[in-house]
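Raw query_13.txt, compact mmCIF, N, CA and C atoms and all ligand atoms:
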```
# COMPACT_ATOMS: atom_id res chain seq x y z
N MET A 1 -2.93 -5.87 -16.67
CA MET A 1 -3.89 -4.93 -16.10
C MET A 1 -4.96 -5.67 -15.30
N LEU A 2 -5.31 -5.10 -14.18
CA LEU A 2 -6.35 -5.72 -13.36
C LEU A 2 -7.72 -5.23 -13.82
N SER A 3 -8.66 -6.15 -13.88
CA SER A 3 -10.04 -5.72 -14.17
C SER A 3 -10.96 -6.26 -13.09
N PRO A 4 -11.09 -5.48 -12.02
CA PRO A 4 -11.89 -5.93 -10.88
C PRO A 4 -13.37 -6.05 -11.22
N ARG A 5 -14.01 -7.06 -10.65
CA ARG A 5 -15.46 -7.23 -10.79
C ARG A 5 -16.09 -7.14 -9.40
N GLN A 6 -17.39 -6.92 -9.39
CA GLN A 6 -18.16 -6.89 -8.14
C GLN A 6 -17.50 -6.01 -7.08
N VAL A 7 -17.15 -4.80 -7.50
CA VAL A 7 -16.47 -3.88 -6.60
C VAL A 7 -17.45 -3.35 -5.54
N VAL A 8 -17.07 -3.45 -4.28
CA VAL A 8 -17.88 -2.89 -3.19
C VAL A 8 -17.04 -1.85 -2.47
N ASP A 9 -17.61 -0.66 -2.32
CA ASP A 9 -16.90 0.43 -1.67
C ASP A 9 -17.41 0.59 -0.24
N TYR A 10 -16.49 0.76 0.70
CA TYR A 10 -16.89 0.83 2.11
C TYR A 10 -16.74 2.24 2.69
N ALA A 11 -16.76 3.24 1.82
CA ALA A 11 -16.57 4.63 2.27
C ALA A 11 -17.65 5.05 3.27
N LEU A 12 -18.88 4.60 3.07
CA LEU A 12 -19.97 4.99 3.98
C LEU A 12 -19.76 4.44 5.38
N GLN A 13 -19.39 3.15 5.44
CA GLN A 13 -19.14 2.51 6.74
C GLN A 13 -17.96 3.19 7.43
N ARG A 14 -16.96 3.54 6.62
CA ARG A 14 -15.76 4.19 7.16
C ARG A 14 -16.14 5.52 7.78
N ARG A 15 -16.93 6.29 7.06
CA ARG A 15 -17.32 7.61 7.54
C ARG A 15 -18.18 7.47 8.80
N ALA A 16 -19.07 6.48 8.81
CA ALA A 16 -19.95 6.28 9.96
C ALA A 16 -19.12 5.94 11.20
N LEU A 17 -18.08 5.13 11.00
CA LEU A 17 -17.22 4.76 12.14
C LEU A 17 -16.46 5.98 12.65
N LEU A 18 -15.95 6.79 11.71
CA LEU A 18 -15.21 7.99 12.11
C LEU A 18 -16.11 8.94 12.91
N VAL A 19 -17.35 9.11 12.46
CA VAL A 19 -18.29 9.97 13.17
C VAL A 19 -18.54 9.40 14.56
N ALA A 20 -18.69 8.09 14.65
CA ALA A 20 -18.96 7.44 15.93
C ALA A 20 -17.79 7.62 16.90
N VAL A 21 -16.57 7.56 16.37
CA VAL A 21 -15.40 7.74 17.24
C VAL A 21 -15.30 9.20 17.70
N HIS A 22 -15.47 10.11 16.74
CA HIS A 22 -15.34 11.53 17.08
C HIS A 22 -16.40 11.98 18.06
N SER A 23 -17.56 11.35 18.02
CA SER A 23 -18.64 11.73 18.95
C SER A 23 -18.56 10.93 20.25
N GLY A 24 -17.59 10.02 20.34
CA GLY A 24 -17.38 9.29 21.58
C GLY A 24 -18.24 8.03 21.73
N ARG A 25 -19.03 7.71 20.69
CA ARG A 25 -19.88 6.52 20.79
C ARG A 25 -19.06 5.23 20.65
N VAL A 26 -17.93 5.34 19.93
CA VAL A 26 -17.04 4.19 19.79
C VAL A 26 -15.68 4.61 20.33
N ASP A 27 -15.08 3.73 21.12
CA ASP A 27 -13.78 4.01 21.69
C ASP A 27 -12.73 4.04 20.59
N GLN A 28 -11.82 5.01 20.66
CA GLN A 28 -10.80 5.11 19.61
C GLN A 28 -9.92 3.86 19.56
N ALA A 29 -9.66 3.28 20.72
CA ALA A 29 -8.82 2.08 20.77
C ALA A 29 -9.45 0.94 19.97
N GLU A 30 -10.78 0.97 19.89
CA GLU A 30 -11.49 -0.08 19.16
C GLU A 30 -11.30 0.09 17.65
N ALA A 31 -11.22 1.34 17.19
CA ALA A 31 -11.06 1.62 15.77
C ALA A 31 -9.59 1.53 15.35
N CYS A 32 -8.70 1.69 16.30
CA CYS A 32 -7.26 1.68 16.00
C CYS A 32 -6.63 0.42 16.56
N ASP A 33 -7.13 -0.71 16.14
CA ASP A 33 -6.72 -1.97 16.75
C ASP A 33 -5.87 -2.83 15.81
N ALA A 34 -5.17 -2.18 14.86
CA ALA A 34 -4.31 -2.94 13.94
C ALA A 34 -3.28 -3.73 14.75
N GLY A 35 -3.31 -5.03 14.63
CA GLY A 35 -2.37 -5.87 15.36
C GLY A 35 -1.01 -5.91 14.69
N ALA A 36 -0.08 -6.61 15.31
CA ALA A 36 1.28 -6.69 14.79
C ALA A 36 1.30 -7.30 13.39
N TYR A 37 0.42 -8.27 13.16
CA TYR A 37 0.37 -8.96 11.88
C TYR A 37 -0.03 -8.00 10.76
N LEU A 38 -1.06 -7.22 11.04
CA LEU A 38 -1.54 -6.25 10.06
C LEU A 38 -0.52 -5.14 9.83
N GLN A 39 0.12 -4.70 10.91
CA GLN A 39 1.14 -3.65 10.80
C GLN A 39 2.30 -4.13 9.94
N ARG A 40 2.68 -5.39 10.14
CA ARG A 40 3.80 -5.93 9.37
C ARG A 40 3.43 -6.08 7.90
N ALA A 41 2.21 -6.53 7.67
CA ALA A 41 1.74 -6.66 6.29
C ALA A 41 1.73 -5.30 5.61
N ALA A 42 1.36 -4.25 6.37
CA ALA A 42 1.33 -2.90 5.80
C ALA A 42 2.73 -2.46 5.43
N ARG A 43 3.70 -2.84 6.27
CA ARG A 43 5.07 -2.43 6.01
C ARG A 43 5.66 -3.14 4.80
N PHE A 44 5.38 -4.45 4.68
CA PHE A 44 6.03 -5.22 3.63
C PHE A 44 5.24 -5.29 2.32
N HIS A 45 3.93 -5.27 2.41
CA HIS A 45 3.13 -5.43 1.19
C HIS A 45 2.28 -4.21 0.89
N GLY A 46 2.26 -3.24 1.80
CA GLY A 46 1.36 -2.11 1.62
C GLY A 46 1.87 -1.08 0.62
N THR A 47 0.94 -0.33 0.08
CA THR A 47 1.25 0.79 -0.79
C THR A 47 0.86 2.06 -0.04
N THR A 48 1.81 2.98 0.08
CA THR A 48 1.47 4.24 0.75
C THR A 48 0.60 5.07 -0.19
N VAL A 49 -0.52 5.53 0.33
CA VAL A 49 -1.42 6.31 -0.50
C VAL A 49 -1.39 7.77 -0.06
N ASP A 50 -1.80 8.64 -0.96
CA ASP A 50 -1.73 10.07 -0.71
C ASP A 50 -2.94 10.50 0.11
N GLN A 51 -3.00 9.96 1.33
CA GLN A 51 -4.15 10.26 2.18
C GLN A 51 -3.67 10.18 3.62
N THR A 52 -3.94 11.22 4.39
CA THR A 52 -3.50 11.24 5.78
C THR A 52 -4.48 10.46 6.63
N CYS A 53 -3.97 9.85 7.69
CA CYS A 53 -4.81 9.08 8.59
C CYS A 53 -5.95 9.96 9.14
N PRO A 54 -7.19 9.48 9.04
CA PRO A 54 -8.32 10.29 9.51
C PRO A 54 -8.38 10.37 11.04
N MET A 55 -7.60 9.54 11.71
CA MET A 55 -7.67 9.47 13.16
C MET A 55 -6.60 10.34 13.82
N CYS A 56 -5.33 10.10 13.50
CA CYS A 56 -4.27 10.87 14.16
C CYS A 56 -3.79 12.04 13.30
N ARG A 57 -4.09 12.01 12.00
CA ARG A 57 -3.70 13.06 11.04
C ARG A 57 -2.19 13.31 11.02
N LYS A 58 -1.42 12.27 11.34
CA LYS A 58 0.03 12.42 11.37
C LYS A 58 0.71 11.67 10.25
N GLU A 59 0.11 10.58 9.87
CA GLU A 59 0.78 9.62 9.01
C GLU A 59 -0.02 9.40 7.73
N GLN A 60 0.71 9.14 6.63
CA GLN A 60 0.02 8.75 5.41
C GLN A 60 -0.39 7.29 5.54
N LEU A 61 -1.55 6.99 5.05
CA LEU A 61 -2.08 5.63 5.18
C LEU A 61 -1.39 4.67 4.20
N ALA A 62 -1.33 3.42 4.61
CA ALA A 62 -0.89 2.36 3.70
C ALA A 62 -2.11 1.51 3.38
N GLN A 63 -2.17 1.02 2.15
CA GLN A 63 -3.25 0.11 1.80
C GLN A 63 -2.67 -1.27 1.52
N VAL A 64 -3.29 -2.26 2.13
CA VAL A 64 -2.83 -3.64 1.97
C VAL A 64 -3.95 -4.45 1.33
N SER A 65 -3.58 -5.30 0.37
CA SER A 65 -4.56 -6.15 -0.29
C SER A 65 -4.45 -7.57 0.25
N TRP A 66 -5.58 -8.07 0.76
CA TRP A 66 -5.64 -9.45 1.24
C TRP A 66 -6.42 -10.27 0.24
N VAL A 67 -5.96 -11.47 -0.05
CA VAL A 67 -6.64 -12.30 -1.04
C VAL A 67 -7.30 -13.50 -0.36
N PHE A 68 -8.48 -13.85 -0.86
CA PHE A 68 -9.23 -14.99 -0.34
C PHE A 68 -9.83 -15.76 -1.49
N GLY A 69 -9.68 -17.06 -1.47
CA GLY A 69 -10.30 -17.87 -2.52
C GLY A 69 -9.88 -19.31 -2.41
N GLU A 70 -10.82 -20.20 -2.72
CA GLU A 70 -10.54 -21.62 -2.60
C GLU A 70 -9.39 -22.06 -3.51
N SER A 71 -9.37 -21.54 -4.73
CA SER A 71 -8.36 -22.00 -5.68
C SER A 71 -6.97 -21.49 -5.32
N LEU A 72 -6.89 -20.51 -4.42
CA LEU A 72 -5.58 -19.98 -4.04
C LEU A 72 -4.86 -20.89 -3.05
N ARG A 73 -5.61 -21.81 -2.48
CA ARG A 73 -5.06 -22.75 -1.49
C ARG A 73 -4.33 -22.03 -0.36
N GLN A 74 -3.03 -22.31 -0.17
CA GLN A 74 -2.35 -21.75 1.01
C GLN A 74 -2.13 -20.24 0.91
N VAL A 75 -2.27 -19.71 -0.28
CA VAL A 75 -2.09 -18.26 -0.46
C VAL A 75 -3.29 -17.50 0.10
N SER A 76 -4.45 -18.18 0.15
CA SER A 76 -5.67 -17.54 0.64
C SER A 76 -5.48 -17.01 2.06
N GLY A 77 -5.90 -15.77 2.27
CA GLY A 77 -5.79 -15.18 3.60
C GLY A 77 -4.48 -14.46 3.83
N SER A 78 -3.70 -14.26 2.77
CA SER A 78 -2.42 -13.57 2.94
C SER A 78 -2.45 -12.20 2.25
N ALA A 79 -1.51 -11.35 2.64
CA ALA A 79 -1.38 -10.02 2.04
C ALA A 79 -0.52 -10.12 0.79
N ARG A 80 -0.91 -9.39 -0.26
CA ARG A 80 -0.21 -9.49 -1.54
C ARG A 80 0.04 -8.11 -2.15
N SER A 81 1.13 -8.00 -2.88
CA SER A 81 1.43 -6.75 -3.58
C SER A 81 0.62 -6.68 -4.88
N THR A 82 0.62 -5.52 -5.51
CA THR A 82 -0.12 -5.35 -6.76
C THR A 82 0.41 -6.29 -7.84
N ASP A 83 1.73 -6.49 -7.88
CA ASP A 83 2.32 -7.42 -8.84
C ASP A 83 1.80 -8.83 -8.61
N ASP A 84 1.75 -9.22 -7.34
CA ASP A 84 1.22 -10.54 -7.00
C ASP A 84 -0.22 -10.69 -7.49
N LEU A 85 -1.00 -9.63 -7.29
CA LEU A 85 -2.42 -9.68 -7.68
C LEU A 85 -2.54 -9.95 -9.18
N GLU A 86 -1.69 -9.29 -9.96
CA GLU A 86 -1.76 -9.48 -11.41
C GLU A 86 -1.42 -10.93 -11.78
N GLN A 87 -0.39 -11.46 -11.11
CA GLN A 87 -0.01 -12.85 -11.34
C GLN A 87 -1.15 -13.79 -11.00
N LEU A 88 -1.72 -13.60 -9.82
CA LEU A 88 -2.79 -14.47 -9.36
C LEU A 88 -4.01 -14.37 -10.28
N ALA A 89 -4.31 -13.12 -10.70
CA ALA A 89 -5.49 -12.90 -11.54
C ALA A 89 -5.35 -13.60 -12.88
N ALA A 90 -4.10 -13.79 -13.33
CA ALA A 90 -3.87 -14.43 -14.62
C ALA A 90 -3.96 -15.94 -14.53
N HIS A 91 -3.85 -16.49 -13.34
CA HIS A 91 -3.76 -17.93 -13.19
C HIS A 91 -4.89 -18.58 -12.41
N HIS A 92 -5.76 -17.77 -11.81
CA HIS A 92 -6.85 -18.35 -11.02
C HIS A 92 -8.19 -17.88 -11.56
N PRO A 93 -9.19 -18.75 -11.51
CA PRO A 93 -10.49 -18.38 -12.07
C PRO A 93 -11.17 -17.25 -11.30
N GLU A 94 -11.06 -17.30 -9.98
CA GLU A 94 -11.79 -16.31 -9.20
C GLU A 94 -11.28 -16.25 -7.76
N PHE A 95 -11.05 -15.06 -7.27
CA PHE A 95 -10.74 -14.87 -5.85
C PHE A 95 -11.12 -13.45 -5.44
N THR A 96 -11.29 -13.26 -4.14
CA THR A 96 -11.73 -11.98 -3.61
C THR A 96 -10.54 -11.22 -3.02
N VAL A 97 -10.52 -9.92 -3.24
CA VAL A 97 -9.47 -9.07 -2.68
C VAL A 97 -10.12 -8.08 -1.71
N HIS A 98 -9.58 -7.99 -0.52
CA HIS A 98 -10.02 -6.98 0.45
C HIS A 98 -8.89 -5.97 0.62
N VAL A 99 -9.16 -4.73 0.28
CA VAL A 99 -8.15 -3.69 0.46
C VAL A 99 -8.41 -3.00 1.80
N VAL A 100 -7.41 -3.06 2.67
CA VAL A 100 -7.53 -2.50 4.01
C VAL A 100 -6.54 -1.35 4.16
N GLU A 101 -7.00 -0.23 4.69
CA GLU A 101 -6.07 0.87 4.95
C GLU A 101 -5.60 0.77 6.40
N VAL A 102 -4.30 1.07 6.58
CA VAL A 102 -3.69 0.94 7.90
C VAL A 102 -2.86 2.18 8.18
N CYS A 103 -2.96 2.69 9.40
CA CYS A 103 -2.07 3.77 9.84
C CYS A 103 -0.98 3.14 10.69
N ARG A 104 0.27 3.39 10.31
CA ARG A 104 1.38 2.76 11.04
C ARG A 104 1.72 3.51 12.31
N THR A 105 1.07 4.65 12.53
CA THR A 105 1.32 5.39 13.77
C THR A 105 0.32 5.04 14.86
N CYS A 106 -0.98 5.18 14.55
CA CYS A 106 -1.98 5.00 15.61
C CYS A 106 -2.71 3.67 15.53
N GLY A 107 -2.52 2.95 14.43
CA GLY A 107 -3.17 1.64 14.33
C GLY A 107 -4.57 1.65 13.75
N TRP A 108 -5.00 2.82 13.26
CA TRP A 108 -6.29 2.88 12.57
C TRP A 108 -6.28 1.91 11.39
N ASN A 109 -7.37 1.17 11.23
CA ASN A 109 -7.47 0.28 10.06
C ASN A 109 -8.93 0.13 9.69
N HIS A 110 -9.18 0.07 8.39
CA HIS A 110 -10.55 -0.09 7.91
C HIS A 110 -10.56 -0.68 6.52
N LEU A 111 -11.59 -1.47 6.25
CA LEU A 111 -11.79 -2.01 4.91
C LEU A 111 -12.16 -0.87 3.98
N VAL A 112 -11.42 -0.75 2.87
CA VAL A 112 -11.67 0.33 1.92
C VAL A 112 -12.61 -0.15 0.81
N ARG A 113 -12.23 -1.27 0.21
CA ARG A 113 -13.09 -1.83 -0.84
C ARG A 113 -12.77 -3.31 -1.01
N SER A 114 -13.71 -4.00 -1.59
CA SER A 114 -13.46 -5.40 -1.93
C SER A 114 -13.87 -5.61 -3.39
N PHE A 115 -13.22 -6.55 -4.03
CA PHE A 115 -13.57 -6.86 -5.42
C PHE A 115 -13.11 -8.26 -5.75
N VAL A 116 -13.56 -8.72 -6.92
CA VAL A 116 -13.24 -10.07 -7.36
C VAL A 116 -12.30 -9.98 -8.56
N LEU A 117 -11.26 -10.80 -8.53
CA LEU A 117 -10.33 -10.88 -9.66
C LEU A 117 -10.27 -12.32 -10.17
N GLY A 118 -9.65 -12.48 -11.32
CA GLY A 118 -9.45 -13.82 -11.86
C GLY A 118 -9.84 -13.88 -13.32
N THR A 119 -9.53 -15.01 -13.91
CA THR A 119 -9.78 -15.17 -15.33
C THR A 119 -11.27 -15.29 -15.63
N GLY A 120 -12.06 -15.69 -14.60
CA GLY A 120 -13.49 -15.87 -14.82
C GLY A 120 -13.83 -17.21 -15.44
N ARG A 121 -12.82 -17.96 -15.77
CA ARG A 121 -13.05 -19.28 -16.37
C ARG A 121 -13.18 -20.32 -15.27
N ARG A 122 -14.03 -21.29 -15.54
CA ARG A 122 -14.16 -22.37 -14.57
C ARG A 122 -12.90 -23.24 -14.65
N PRO A 123 -12.42 -23.70 -13.51
CA PRO A 123 -11.24 -24.57 -13.56
C PRO A 123 -11.56 -25.86 -14.31
N ARG A 124 -10.66 -26.24 -15.19
CA ARG A 124 -10.90 -27.46 -15.97
C ARG A 124 -10.55 -28.67 -15.12
N ARG A 125 -11.38 -29.68 -15.23
CA ARG A 125 -11.13 -30.86 -14.40
C ARG A 125 -10.40 -31.95 -15.17
N THR A 126 -10.21 -31.75 -16.47
CA THR A 126 -9.46 -32.75 -17.24
C THR A 126 -8.00 -32.65 -16.85
N GLY A 127 -7.31 -33.75 -16.87
CA GLY A 127 -5.92 -33.76 -16.43
C GLY A 127 -4.94 -33.41 -17.53
N ARG A 128 -5.42 -32.78 -18.59
CA ARG A 128 -4.52 -32.47 -19.69
C ARG A 128 -3.47 -31.47 -19.32
N ARG A 129 -2.25 -31.72 -19.68
CA ARG A 129 -1.18 -30.77 -19.36
C ARG A 129 -1.12 -29.70 -20.45
N THR A 130 -0.78 -28.52 -20.01
CA THR A 130 -0.66 -27.41 -20.94
C THR A 130 0.81 -27.28 -21.33
N ALA A 131 1.05 -27.26 -22.61
CA ALA A 131 2.43 -27.16 -23.07
C ALA A 131 2.99 -25.77 -22.76
N GLY A 132 4.25 -25.73 -22.48
CA GLY A 132 4.93 -24.46 -22.32
C GLY A 132 4.79 -23.84 -20.94
N GLU A 133 4.36 -24.60 -19.95
CA GLU A 133 4.24 -24.01 -18.61
C GLU A 133 5.33 -24.47 -17.69
ZN ZN B 201 -3.21 7.32 12.48
```
Translate the structure of the given file into structure tokens.
Amino acid sequence: MLSPRQVVDYALQRRALLVAVHSGRVDQAEACDAGAYLQRAARFHGTTVDQTCPMCRKEQLAQVSWVFGESLRQVSGSARSTDDLEQLAAHHPEFTVHVVEVCRTCGWNHLVRSFVLGTGRRPRRTGRRTAGE
């Protein structure tokens, strides 16, 4: 089970951006700028959520989790599935997850929430090996 800490919700920023686009203050192309990399991550690692795209209202949104953290090394900055998150949370002291929603039709994308996962333990610097790993 995941137990997220320091959860930040970006619903207000999301709503403000939507209002700005609908009123013409922000160009729609600017809000719907999901690149090929993000689109692919949405296809392979995303979870389809029961929410229609607020921009085109045609497609159900996908949510992708991106992980960031020093202890993750090369994994940092990549998209991960929920199973991966559980694995990482069990083996790393601390890392940040950014959940981004993506529309695969119009390219709408926005940060939904961010939180911190991990064991919360400081990494041990002693070189002792752990049996059974
Ligand atoms: Zn859309």
Can you list, as a ChimeraX atom specification, every protein, DNA or RNA residue that comes within 5 Å of region 76-80 of chain A when you count only N, CA and C atoms, leaving out same-chain residues fewer than 6 positions away? /A:65-69
Step by step, measure atom-to-atom distances between ligand ZN 201 (chain B) and each residue using all atoms listed in the file, keep those at most 8 Å, then write them as a list of chain:residue names. A:Cys32, A:Thr52, A:Cys53, A:Pro54, A:Met55, A:Cys56, A:Arg57, A:Lys58, A:Glu59, A:Gln60, A:Leu61, A:Val102, A:Cys103, A:Arg104, A:Thr105, A:Cys106, A:Gly107, A:Trp108, A:Asn109
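Note that the spacing between atom N of Leu18 (chain A) and atom C of Ala31 (chain A) amounts to 9.0 Å.
Interatomic distance, CA of His45 (chain A) against CA of Val19 (chain A): 29.0 Å.
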Spatial neighbours of region 6-14 of chain A, 6.5 Å, only N, CA and C atoms, chain gap at least 6 places, as an NGL selection string: :A and (111-116)
Determine which residues of chain A DSSP labels as helix (DSSP H, G or I) from the backbone of this structure, then write them out as JSON, numbers by chain. {"A": [11, 12, 13, 14, 15, 16, 17, 18, 19, 20, 21, 22, 28, 29, 30, 31, 36, 37, 38, 39, 40, 41, 42, 43, 44, 45, 70, 71, 72, 73, 74, 75, 82, 83, 84, 85, 86, 87, 88, 89, 90, 91]}
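The two atoms in question, CA of Val97 (chain A) and atom N of Leu117 (chain A), are spaced 6.4 Å apart.
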Distance query Thr119 (chain A) at most 8 Å, only C-alpha atoms, self and fewer than 6 positions along chain excluded, as a list in words: Ala89, Ala90, His91, His92, Pro93 and Glu94 of chain A
Between A:Gly24, A:Gly118, A:Val64, A:Asp83, single out the one closest to Val99 (chain A), counting all atoms listed in the file. A:Val64
